[in-house]
Each structure stands twice: as C-alpha cells, then as structure tokens.
$ cat start_2.cif   # mmCIF, C-alpha atoms and all ligand atoms
data_model
loop_
_atom_site.label_atom_id
_atom_site.label_comp_id
_atom_site.auth_asym_id
_atom_site.auth_seq_id
_atom_site.Cartn_x
_atom_site.Cartn_y
_atom_site.Cartn_z
CA MET A 1420 44.63 -54.04 92.08
CA LYS A 1421 42.36 -54.56 89.08
CA LYS A 1422 40.22 -51.71 90.26
CA ARG A 1423 43.20 -49.38 90.40
CA ILE A 1424 44.29 -50.25 86.85
CA GLY A 1425 40.77 -49.55 85.67
CA PHE A 1426 40.82 -46.21 87.44
CA ILE A 1427 44.14 -45.21 85.89
CA ALA A 1428 42.94 -46.30 82.45
CA ALA A 1429 39.78 -44.24 82.83
CA LEU A 1430 41.83 -41.24 83.94
CA MET A 1431 44.11 -41.56 80.91
CA LEU A 1432 41.15 -41.85 78.56
CA PHE A 1433 39.64 -38.74 80.09
CA GLY A 1434 42.93 -36.91 79.62
CA VAL A 1435 43.16 -37.95 75.98
CA ALA A 1436 39.55 -36.86 75.39
CA ILE A 1437 40.30 -33.42 76.81
CA LEU A 1438 43.53 -33.09 74.84
CA SER A 1439 41.82 -34.01 71.60
CA THR A 1440 39.60 -30.93 71.77
CA ARG A 1441 41.85 -28.66 73.83
CA TYR A 1442 45.22 -29.56 72.39
CA TYR A 1443 46.12 -25.92 71.68
CA MET A 1444 46.34 -25.31 75.44
CA VAL A 1445 49.28 -27.69 75.59
CA ASP A 1446 50.58 -27.82 72.02
CA LEU A 1447 50.65 -24.14 71.20
CA PRO A 1448 52.58 -22.86 74.22
CA VAL A 1449 55.16 -25.61 73.64
CA TRP A 1450 55.21 -24.84 69.90
CA HIS A 1451 55.63 -21.11 70.57
CA PHE A 1452 58.27 -21.74 73.25
CA PHE A 1453 60.45 -23.46 70.68
CA GLY A 1454 60.03 -20.53 68.31
CA GLY A 1455 57.37 -22.08 66.11
CA GLY A 1456 54.46 -20.17 64.69
CA GLN A 1457 53.77 -16.47 65.10
CA GLY A 1458 50.02 -16.86 65.04
CA PRO A 1459 47.58 -15.10 67.34
CA ASP A 1460 47.05 -16.42 70.84
CA PRO A 1461 43.55 -17.97 70.97
CA LEU A 1462 43.07 -16.76 74.54
CA THR A 1463 43.60 -13.05 73.82
CA LEU A 1464 42.19 -12.92 70.27
CA HIS A 1465 39.37 -10.52 71.10
CA LEU A 1466 41.59 -8.26 73.18
CA GLN A 1467 44.64 -7.48 71.05
CA GLY A 1468 46.12 -7.75 67.59
CA GLU A 1469 44.61 -8.31 64.19
CA PHE A 1470 41.36 -9.86 65.40
CA VAL A 1471 40.05 -7.21 67.80
CA GLU A 1472 36.39 -6.41 67.15
CA SER A 1473 36.94 -3.13 65.29
CA ASN A 1474 39.12 -4.97 62.80
CA LEU A 1475 36.64 -7.75 61.99
CA GLY A 1476 34.48 -7.90 58.88
CA ALA A 1477 35.41 -6.48 55.50
CA ALA A 1478 38.16 -3.84 55.40
CA GLU A 1479 39.84 -2.11 52.49
CA GLY A 1480 43.59 -2.43 52.26
CA PRO A 1481 46.15 -0.65 50.09
CA ALA A 1482 45.44 -0.60 46.34
CA GLY A 1483 41.75 -1.27 46.89
CA SER A 1484 42.27 -4.84 48.05
CA LEU A 1485 39.63 -6.22 50.36
CA THR A 1486 40.20 -8.37 53.43
CA VAL A 1487 37.60 -10.08 55.59
CA ARG A 1488 38.68 -11.05 59.10
CA MET A 1489 36.65 -13.49 61.15
CA ILE A 1490 36.93 -15.52 64.33
CA ALA A 1491 35.41 -18.97 64.65
CA GLN A 1492 34.53 -20.06 68.16
CA GLN A 1493 32.19 -22.53 69.85
CA PHE A 1494 29.58 -22.07 68.38
CA VAL A 1495 29.46 -18.89 66.32
CA PHE A 1496 31.38 -17.03 63.68
CA VAL A 1497 32.30 -13.47 64.68
CA PRO A 1498 30.93 -11.40 63.07
CA GLN A 1499 27.77 -13.41 62.43
CA CYS A 1500 27.29 -11.77 59.06
CA VAL A 1501 29.79 -10.11 56.75
CA VAL A 1502 28.97 -7.85 53.78
CA VAL A 1503 31.24 -7.91 50.72
CA PRO A 1504 31.07 -6.52 47.16
CA ALA A 1505 30.39 -8.73 44.14
CA GLY A 1506 33.04 -9.30 41.47
CA VAL A 1507 36.01 -8.31 43.63
CA PRO A 1508 38.67 -10.73 44.93
CA ILE A 1509 38.22 -11.00 48.68
CA THR A 1510 40.91 -12.29 50.98
CA PHE A 1511 39.54 -14.12 53.99
CA ARG A 1512 41.70 -14.31 57.12
CA ILE A 1513 40.29 -16.47 59.85
CA THR A 1514 41.42 -17.98 63.10
CA SER A 1515 39.81 -19.89 65.94
CA ALA A 1516 39.38 -19.01 69.60
CA ASP A 1517 39.11 -22.62 70.70
CA THR A 1518 39.05 -25.74 68.57
CA VAL A 1519 39.19 -26.48 64.82
CA HIS A 1520 36.23 -25.23 62.75
CA LYS A 1521 35.67 -25.05 59.04
CA LEU A 1522 33.89 -22.37 57.03
CA SER A 1523 32.12 -23.56 53.97
CA PHE A 1524 30.21 -21.19 51.72
CA LEU A 1525 27.03 -23.08 50.92
CA GLY A 1526 26.43 -23.40 47.19
CA THR A 1527 30.12 -22.94 46.31
CA ASN A 1528 33.14 -25.14 46.78
CA TYR A 1529 34.91 -22.42 48.75
CA GLY A 1530 36.00 -23.41 52.21
CA LEU A 1531 38.53 -22.45 54.85
CA GLU A 1532 39.70 -24.10 58.05
CA ALA A 1533 39.88 -22.12 61.28
CA VAL A 1534 42.66 -23.41 63.52
CA PRO A 1535 43.58 -21.96 66.93
CA GLY A 1536 46.94 -20.18 66.88
CA VAL A 1537 47.02 -20.05 63.09
CA VAL A 1538 45.66 -17.56 60.55
CA SER A 1539 44.20 -19.31 57.52
CA GLU A 1540 44.00 -17.26 54.37
CA ALA A 1541 42.27 -17.73 51.02
CA THR A 1542 41.04 -15.41 48.28
CA TYR A 1543 37.67 -15.86 46.63
CA THR A 1544 35.57 -13.84 44.21
CA PHE A 1545 31.77 -13.93 44.35
CA ALA A 1546 30.58 -13.10 40.86
CA LYS A 1547 27.03 -11.99 41.64
CA PRO A 1548 25.15 -10.43 44.56
CA GLY A 1549 23.46 -12.95 46.82
CA GLU A 1550 23.44 -14.45 50.28
CA PHE A 1551 25.50 -17.39 51.41
CA LYS A 1552 25.09 -19.40 54.55
CA ILE A 1553 28.35 -20.44 56.14
CA PRO A 1554 27.75 -23.67 58.04
CA CYS A 1555 30.63 -25.07 60.10
CA HIS A 1556 31.91 -28.20 58.40
CA GLU A 1557 34.18 -29.59 61.08
CA PHE A 1558 32.73 -31.26 64.13
CA CYS A 1559 33.57 -28.88 66.97
CA GLY A 1560 31.34 -29.94 69.84
CA ALA A 1561 27.75 -29.97 71.06
CA GLY A 1562 26.66 -26.85 69.17
CA HIS A 1563 28.36 -27.77 65.89
CA TYR A 1564 25.18 -28.39 63.91
CA ALA A 1565 23.78 -24.97 64.80
CA MET A 1566 27.00 -23.10 64.04
CA ARG A 1567 26.59 -20.95 60.98
CA GLY A 1568 27.56 -17.54 59.72
CA HIS A 1569 26.30 -15.48 56.81
CA LEU A 1570 27.90 -13.73 53.89
CA LYS A 1571 25.98 -11.05 52.03
CA VAL A 1572 27.32 -10.18 48.60
CA VAL A 1573 26.09 -6.77 47.39
CA PRO A 1574 26.76 -4.70 44.24
CA ARG A 1575 30.05 -2.74 44.37
CA ASP A 1576 28.49 0.72 44.51
CA GLN A 1577 26.21 -0.37 47.35
CA PHE A 1578 29.20 -1.71 49.27
CA ALA A 1579 31.18 1.50 48.72
CA ALA A 1580 28.41 3.49 50.42
CA LEU A 1581 28.56 1.41 53.63
CA LEU A 1582 30.36 2.63 56.74
CA PRO A 1583 32.96 0.24 58.24
CA GLY A 1584 30.53 -0.81 61.01
CA GLU A 1585 27.88 -1.62 58.44
CA ARG A 1586 30.18 -4.10 56.73
CA ARG A 1587 30.11 -6.53 59.61
CA THR A 1588 26.38 -6.79 60.14
CA CYS A 1589 23.41 -7.68 57.96
CA GLU A 1590 20.98 -5.53 59.91
CA PRO A 1591 19.32 -2.98 57.64
CA ARG A 1592 20.77 0.55 57.89
CU1 LIG A 1601 32.36 -25.10 64.52
CU2 LIG A 1601 31.63 -27.19 63.85
#
$ encode --input "start_2.cif" --output "structure tokens"
Amino acid sequence: MKKRIGFIAALMLFGVAILSTRYYMVDLPVWHFFGGGQGPDPLTLHLQGEFVESNLGAAEGPAGSLTVRMIAQQFVFVPQCVVVPAGVPITFRITSADTVHKLSFLGTNYGLEAVPGVVSEATYTFAKPGEFKIPCHEFCGAGHYAMRGHLKVVPRDQFAALLPGERRTCEPR
C-alpha cells in the first residue's frame, strides 16, 4: 500500500514537472477554446502567419516605421542576428515556440519576454551604431546559458542599402 502511494506521488510530481515547462500544451488550447487570446499557435509558428521565416528580422512598415520580428525557442533566437538602423524607434514583436524566454539587450536596460501563444511588443531606439548580445534571461532548460542572439545597429544609410534578406543575418554581404 505504501509503495503504491509513493508511486502515485512520483507520477503526480512528474506530471507537475512536465506541466511547468509545457503548460502551453494544456493551457493554451483551453484558453483559446474559451475565446481567450488571439496569439499565434506555438506549434505552427514557422509555417503560417506573422512569424514565417520570410517575415522575420527587420521590416519597414507604413510611414517608415520599423518592426523586428523574432521567435525564441529552445535554445536559439530566430533569426540569430538582426540588423537595425541607429537613431530610429524600432518595434520588437516576439513570441516563443516552446517555453518562456526573455530577451535582454546586454549593456542596456531593454528587455522583452517571449511567451508561447502571445506576441510581446516593445519599442526601443538605439542611439549609436554598435553590436549587442542578446542573452536569454529566463531559465528555459538545459541550453539556457548558451542561448543568445545578436543585434547589429548600423548607420541609417547603411541600413537603407540592405536587401530584406540581409537584415536578418550578420554575415558580410
Ligand atoms: Cu531561453 Cu533561457
């Protein structure tokens, strides 16, 4: 009898441990079923909607506004490096494909949480050209400490000369 209680307790603990990192698999469908949230589905992020690959990185919107779209997933940011112009307000839109991550722009106090099923948005201006590492600041699993993206801030005229594909990579042209 004691053995069986121990077994059940272990099973429940295991279940709780899984739910704590995979809660969106249960929470989000329930949440969406009751009409809550219109966020992107973490499971089809790369395949459809706002966060398909061709839409990631920095893109110009109406009236010259600039939006950067990124996906956080275990254990990378997609794209790995984003190029943006200096001195221009940049709206970041980010979501997660799995668990909660957090972008932090090293050397600034800018930061943004990436939550599955939700699009987080914030607008920042980087005054001068430079390079920023983007370490993940929310424990997200075994690869957390190696999870980092890059942001390359370049002069405005240099940015204007880049093709869309060149705005989501830091490889030289
Ligand atoms: Cu992603 Cu820590």
$ closest_atom_pairs --input "start_2.cif" --of "chain A" --to "ligand LIG 1601 (chain A)" --cutoff "10 Å" --atoms "all atoms listed in the file" --output "Markdown table"
| residue | atom | partner | partner_atom | distance |
| --- | --- | --- | --- | --- |
| A:Ala1491 | CA | A:LIG1601 | CU1 | 6.8 |
| A:Gln1492 | CA | A:LIG1601 | CU1 | 6.6 |
| A:Gln1493 | CA | A:LIG1601 | CU1 | 5.9 |
| A:Phe1494 | CA | A:LIG1601 | CU1 | 5.6 |
| A:Val1495 | CA | A:LIG1601 | CU1 | 7.1 |
| A:Phe1496 | CA | A:LIG1601 | CU1 | 8.2 |
| A:Ser1515 | CA | A:LIG1601 | CU1 | 9.2 |
| A:Asp1517 | CA | A:LIG1601 | CU1 | 9.5 |
| A:Thr1518 | CA | A:LIG1601 | CU1 | 7.8 |
| A:Val1519 | CA | A:LIG1601 | CU1 | 7.0 |
| A:His1520 | CA | A:LIG1601 | CU1 | 4.3 |
| A:Lys1521 | CA | A:LIG1601 | CU1 | 6.4 |
| A:Leu1522 | CA | A:LIG1601 | CU1 | 8.1 |
| A:Glu1532 | CA | A:LIG1601 | CU1 | 9.8 |
| A:Ala1533 | CA | A:LIG1601 | CU1 | 8.7 |
| A:Pro1554 | CA | A:LIG1601 | CU2 | 7.8 |
| A:Cys1555 | CA | A:LIG1601 | CU2 | 4.4 |
| A:His1556 | CA | A:LIG1601 | CU2 | 5.5 |
| A:Glu1557 | CA | A:LIG1601 | CU2 | 4.5 |
| A:Phe1558 | CA | A:LIG1601 | CU2 | 4.2 |
| A:Cys1559 | CA | A:LIG1601 | CU2 | 4.0 |
| A:Gly1560 | CA | A:LIG1601 | CU2 | 6.6 |
| A:Ala1561 | CA | A:LIG1601 | CU2 | 8.6 |
| A:Gly1562 | CA | A:LIG1601 | CU2 | 7.3 |
| A:His1563 | CA | A:LIG1601 | CU2 | 3.9 |
| A:Tyr1564 | CA | A:LIG1601 | CU2 | 6.6 |
| A:Ala1565 | CA | A:LIG1601 | CU2 | 8.2 |
| A:Met1566 | CA | A:LIG1601 | CU1 | 5.7 |
| A:Arg1567 | CA | A:LIG1601 | CU1 | 7.9 |
$ residues_around --input "start_2.cif" --residues "Asp1460 of chain A" --least-positions-apart "3" --cutoff "8 Å" --atoms "only C-alpha atoms" --output "ChimeraX atom specification"
/A:1463-1464,1535-1536
$ residues_around --input "start_2.cif" --residues "segment 1466-1478 of chain A" --least-positions-apart "6" --cutoff "12 Å" --atoms "all atoms listed in the file" --output "PDB file with C-alpha atoms, in the coordinates of the input"
ATOM      1  CA  GLN A1457      53.770 -16.470  65.100  1.00  0.00           C
ATOM      2  CA  GLY A1458      50.020 -16.860  65.040  1.00  0.00           C
ATOM      3  CA  PRO A1459      47.580 -15.100  67.340  1.00  0.00           C
ATOM      4  CA  ASP A1460      47.050 -16.420  70.840  1.00  0.00           C
ATOM      5  CA  SER A1484      42.270  -4.840  48.050  1.00  0.00           C
ATOM      6  CA  LEU A1485      39.630  -6.220  50.360  1.00  0.00           C
ATOM      7  CA  THR A1486      40.200  -8.370  53.430  1.00  0.00           C
ATOM      8  CA  VAL A1487      37.600 -10.080  55.590  1.00  0.00           C
ATOM      9  CA  ARG A1488      38.680 -11.050  59.100  1.00  0.00           C
ATOM     10  CA  MET A1489      36.650 -13.490  61.150  1.00  0.00           C
ATOM     11  CA  ILE A1490      36.930 -15.520  64.330  1.00  0.00           C
ATOM     12  CA  ALA A1491      35.410 -18.970  64.650  1.00  0.00           C
ATOM     13  CA  PHE A1496      31.380 -17.030  63.680  1.00  0.00           C
ATOM     14  CA  VAL A1497      32.300 -13.470  64.680  1.00  0.00           C
ATOM     15  CA  PRO A1498      30.930 -11.400  63.070  1.00  0.00           C
ATOM     16  CA  GLN A1499      27.770 -13.410  62.430  1.00  0.00           C
ATOM     17  CA  CYS A1500      27.290 -11.770  59.060  1.00  0.00           C
ATOM     18  CA  VAL A1501      29.790 -10.110  56.750  1.00  0.00           C
ATOM     19  CA  VAL A1502      28.970  -7.850  53.780  1.00  0.00           C
ATOM     20  CA  VAL A1503      31.240  -7.910  50.720  1.00  0.00           C
ATOM     21  CA  PRO A1504      31.070  -6.520  47.160  1.00  0.00           C
ATOM     22  CA  PRO A1508      38.670 -10.730  44.930  1.00  0.00           C
ATOM     23  CA  ILE A1509      38.220 -11.000  48.680  1.00  0.00           C
ATOM     24  CA  THR A1510      40.910 -12.290  50.980  1.00  0.00           C
ATOM     25  CA  PHE A1511      39.540 -14.120  53.990  1.00  0.00           C
ATOM     26  CA  ARG A1512      41.700 -14.310  57.120  1.00  0.00           C
ATOM     27  CA  ILE A1513      40.290 -16.470  59.850  1.00  0.00           C
ATOM     28  CA  THR A1514      41.420 -17.980  63.100  1.00  0.00           C
ATOM     29  CA  SER A1515      39.810 -19.890  65.940  1.00  0.00           C
ATOM     30  CA  ALA A1516      39.380 -19.010  69.600  1.00  0.00           C
ATOM     31  CA  GLY A1536      46.940 -20.180  66.880  1.00  0.00           C
ATOM     32  CA  VAL A1537      47.020 -20.050  63.090  1.00  0.00           C
ATOM     33  CA  VAL A1538      45.660 -17.560  60.550  1.00  0.00           C
ATOM     34  CA  GLY A1568      27.560 -17.540  59.720  1.00  0.00           C
ATOM     35  CA  HIS A1569      26.300 -15.480  56.810  1.00  0.00           C
ATOM     36  CA  LEU A1570      27.900 -13.730  53.890  1.00  0.00           C
ATOM     37  CA  LYS A1571      25.980 -11.050  52.030  1.00  0.00           C
ATOM     38  CA  VAL A1572      27.320 -10.180  48.600  1.00  0.00           C
ATOM     39  CA  PHE A1578      29.200  -1.710  49.270  1.00  0.00           C
ATOM     40  CA  ALA A1579      31.180   1.500  48.720  1.00  0.00           C
ATOM     41  CA  LEU A1581      28.560   1.410  53.630  1.00  0.00           C
ATOM     42  CA  LEU A1582      30.360   2.630  56.740  1.00  0.00           C
ATOM     43  CA  PRO A1583      32.960   0.240  58.240  1.00  0.00           C
ATOM     44  CA  GLY A1584      30.530  -0.810  61.010  1.00  0.00           C
ATOM     45  CA  GLU A1585      27.880  -1.620  58.440  1.00  0.00           C
ATOM     46  CA  ARG A1586      30.180  -4.100  56.730  1.00  0.00           C
ATOM     47  CA  ARG A1587      30.110  -6.530  59.610  1.00  0.00           C
ATOM     48  CA  THR A1588      26.380  -6.790  60.140  1.00  0.00           C
ATOM     49  CA  CYS A1589      23.410  -7.680  57.960  1.00  0.00           C
TER      50      CYS A1589
END
$ closest_residue --input "start_2.cif" --among "A:Phe1426, A:Phe1524, A:Phe1545, A:Tyr1529" --to "Val1507 of chain A" --atoms "only C-alpha atoms"
A:Phe1545
$ atom_distance --input "start_2.cif" --atom1 "atom CA of Gly1480 of chain A" --atom2 "atom CA of Leu1525 of chain A"
26.5 Å
$ atom_distance --input "start_2.cif" --atom1 "atom CA of Pro1574 of chain A" --atom2 "atom CA of Pro1548 of chain A"
6.0 Å
$ atom_distance --input "start_2.cif" --atom1 "atom CA of Gly1526 of chain A" --atom2 "atom CA of Ile1553 of chain A"
9.6 Å
$ axis_aligned_box --input "start_2.cif" --around "segment 1565-1576 of chain A" --padding-each-side "3 Å" --output "lines of an AutoDock Vina configuration file"
center_x = 26.9
center_y = -12.1
center_z = 54.5
size_x = 12.3
size_y = 31.7
size_z = 26.6
$ closest_residue --input "start_2.cif" --among "A:Leu1430, A:Leu1462, A:Ile1424, A:Ala1505" --to "Gly1549 of chain A" --atoms "only C-alpha atoms"
A:Ala1505
$ closest_residue --input "start_2.cif" --among "A:Ser1523, A:Ser1539, A:Asp1576, A:Leu1432" --to "Phe1551 of chain A" --atoms "all atoms listed in the file"
A:Ser1523
$ build_atoms --input "start_2.cif" --residues "segment 1532-1553 of chain A" --atoms "N, CA, C and O atoms" --output "mmCIF file, in the frame of the given file"
data_model
loop_
_atom_site.group_PDB
_atom_site.id
_atom_site.type_symbol
_atom_site.label_atom_id
_atom_site.label_comp_id
_atom_site.auth_asym_id
_atom_site.auth_seq_id
_atom_site.Cartn_x
_atom_site.Cartn_y
_atom_site.Cartn_z
ATOM 1 N N GLU A 1532 39.626 -23.563 56.699
ATOM 2 C CA GLU A 1532 39.700 -24.100 58.050
ATOM 3 C C GLU A 1532 40.096 -23.010 59.034
ATOM 4 O O GLU A 1532 40.912 -22.161 58.710
ATOM 5 N N ALA A 1533 39.503 -23.050 60.213
ATOM 6 C CA ALA A 1533 39.880 -22.120 61.280
ATOM 7 C C ALA A 1533 40.574 -22.934 62.373
ATOM 8 O O ALA A 1533 39.971 -23.815 62.967
ATOM 9 N N VAL A 1534 41.849 -22.630 62.597
ATOM 10 C CA VAL A 1534 42.660 -23.410 63.520
ATOM 11 C C VAL A 1534 43.201 -22.468 64.596
ATOM 12 O O VAL A 1534 43.723 -21.397 64.272
ATOM 13 N N PRO A 1535 43.068 -22.832 65.881
ATOM 14 C CA PRO A 1535 43.580 -21.960 66.930
ATOM 15 C C PRO A 1535 45.084 -21.741 66.787
ATOM 16 O O PRO A 1535 45.828 -22.682 66.515
ATOM 17 N N GLY A 1536 45.523 -20.491 66.937
ATOM 18 C CA GLY A 1536 46.940 -20.180 66.880
ATOM 19 C C GLY A 1536 47.482 -20.004 65.474
ATOM 20 O O GLY A 1536 48.664 -19.749 65.282
ATOM 21 N N VAL A 1537 46.603 -20.128 64.493
ATOM 22 C CA VAL A 1537 47.020 -20.050 63.090
ATOM 23 C C VAL A 1537 46.053 -19.118 62.366
ATOM 24 O O VAL A 1537 44.872 -19.099 62.668
ATOM 25 N N VAL A 1538 46.545 -18.334 61.405
ATOM 26 C CA VAL A 1538 45.660 -17.560 60.550
ATOM 27 C C VAL A 1538 45.571 -18.257 59.202
ATOM 28 O O VAL A 1538 46.585 -18.425 58.537
ATOM 29 N N SER A 1539 44.384 -18.700 58.832
ATOM 30 C CA SER A 1539 44.200 -19.310 57.520
ATOM 31 C C SER A 1539 43.762 -18.235 56.551
ATOM 32 O O SER A 1539 42.950 -17.378 56.885
ATOM 33 N N GLU A 1540 44.306 -18.300 55.336
ATOM 34 C CA GLU A 1540 44.000 -17.260 54.370
ATOM 35 C C GLU A 1540 43.645 -17.870 53.023
ATOM 36 O O GLU A 1540 44.259 -18.854 52.595
ATOM 37 N N ALA A 1541 42.637 -17.302 52.369
ATOM 38 C CA ALA A 1541 42.270 -17.730 51.020
ATOM 39 C C ALA A 1541 41.559 -16.573 50.345
ATOM 40 O O ALA A 1541 40.941 -15.742 51.015
ATOM 41 N N THR A 1542 41.666 -16.505 49.021
ATOM 42 C CA THR A 1542 41.040 -15.410 48.280
ATOM 43 C C THR A 1542 39.983 -15.957 47.330
ATOM 44 O O THR A 1542 40.265 -16.871 46.557
ATOM 45 N N TYR A 1543 38.782 -15.418 47.453
ATOM 46 C CA TYR A 1543 37.670 -15.860 46.630
ATOM 47 C C TYR A 1543 36.976 -14.657 46.006
ATOM 48 O O TYR A 1543 36.975 -13.574 46.586
ATOM 49 N N THR A 1544 36.376 -14.885 44.847
ATOM 50 C CA THR A 1544 35.570 -13.840 44.210
ATOM 51 C C THR A 1544 34.146 -14.361 44.065
ATOM 52 O O THR A 1544 33.940 -15.478 43.578
ATOM 53 N N PHE A 1545 33.180 -13.570 44.515
ATOM 54 C CA PHE A 1545 31.770 -13.930 44.350
ATOM 55 C C PHE A 1545 31.229 -13.103 43.187
ATOM 56 O O PHE A 1545 31.157 -11.883 43.270
ATOM 57 N N ALA A 1546 30.891 -13.789 42.109
ATOM 58 C CA ALA A 1546 30.580 -13.100 40.860
ATOM 59 C C ALA A 1546 29.338 -12.208 40.973
ATOM 60 O O ALA A 1546 29.322 -11.095 40.458
ATOM 61 N N LYS A 1547 28.311 -12.716 41.627
ATOM 62 C CA LYS A 1547 27.030 -11.990 41.640
ATOM 63 C C LYS A 1547 26.563 -11.718 43.068
ATOM 64 O O LYS A 1547 26.925 -12.437 43.986
ATOM 65 N N PRO A 1548 25.728 -10.669 43.240
ATOM 66 C CA PRO A 1548 25.150 -10.430 44.560
ATOM 67 C C PRO A 1548 24.315 -11.635 45.001
ATOM 68 O O PRO A 1548 23.759 -12.350 44.165
ATOM 69 N N GLY A 1549 24.241 -11.831 46.297
ATOM 70 C CA GLY A 1549 23.460 -12.950 46.820
ATOM 71 C C GLY A 1549 23.792 -13.160 48.282
ATOM 72 O O GLY A 1549 24.607 -12.425 48.854
ATOM 73 N N GLU A 1550 23.153 -14.156 48.878
ATOM 74 C CA GLU A 1550 23.440 -14.450 50.280
ATOM 75 C C GLU A 1550 23.918 -15.885 50.417
ATOM 76 O O GLU A 1550 23.363 -16.784 49.798
ATOM 77 N N PHE A 1551 24.952 -16.057 51.197
ATOM 78 C CA PHE A 1551 25.500 -17.390 51.410
ATOM 79 C C PHE A 1551 25.469 -17.727 52.889
ATOM 80 O O PHE A 1551 25.905 -16.930 53.712
ATOM 81 N N LYS A 1552 24.966 -18.907 53.185
ATOM 82 C CA LYS A 1552 25.090 -19.400 54.550
ATOM 83 C C LYS A 1552 26.470 -20.009 54.689
ATOM 84 O O LYS A 1552 27.022 -20.546 53.734
ATOM 85 N N ILE A 1553 27.023 -19.874 55.885
ATOM 86 C CA ILE A 1553 28.350 -20.440 56.140
ATOM 87 C C ILE A 1553 28.245 -21.456 57.277
ATOM 88 O O ILE A 1553 28.552 -21.154 58.421
#
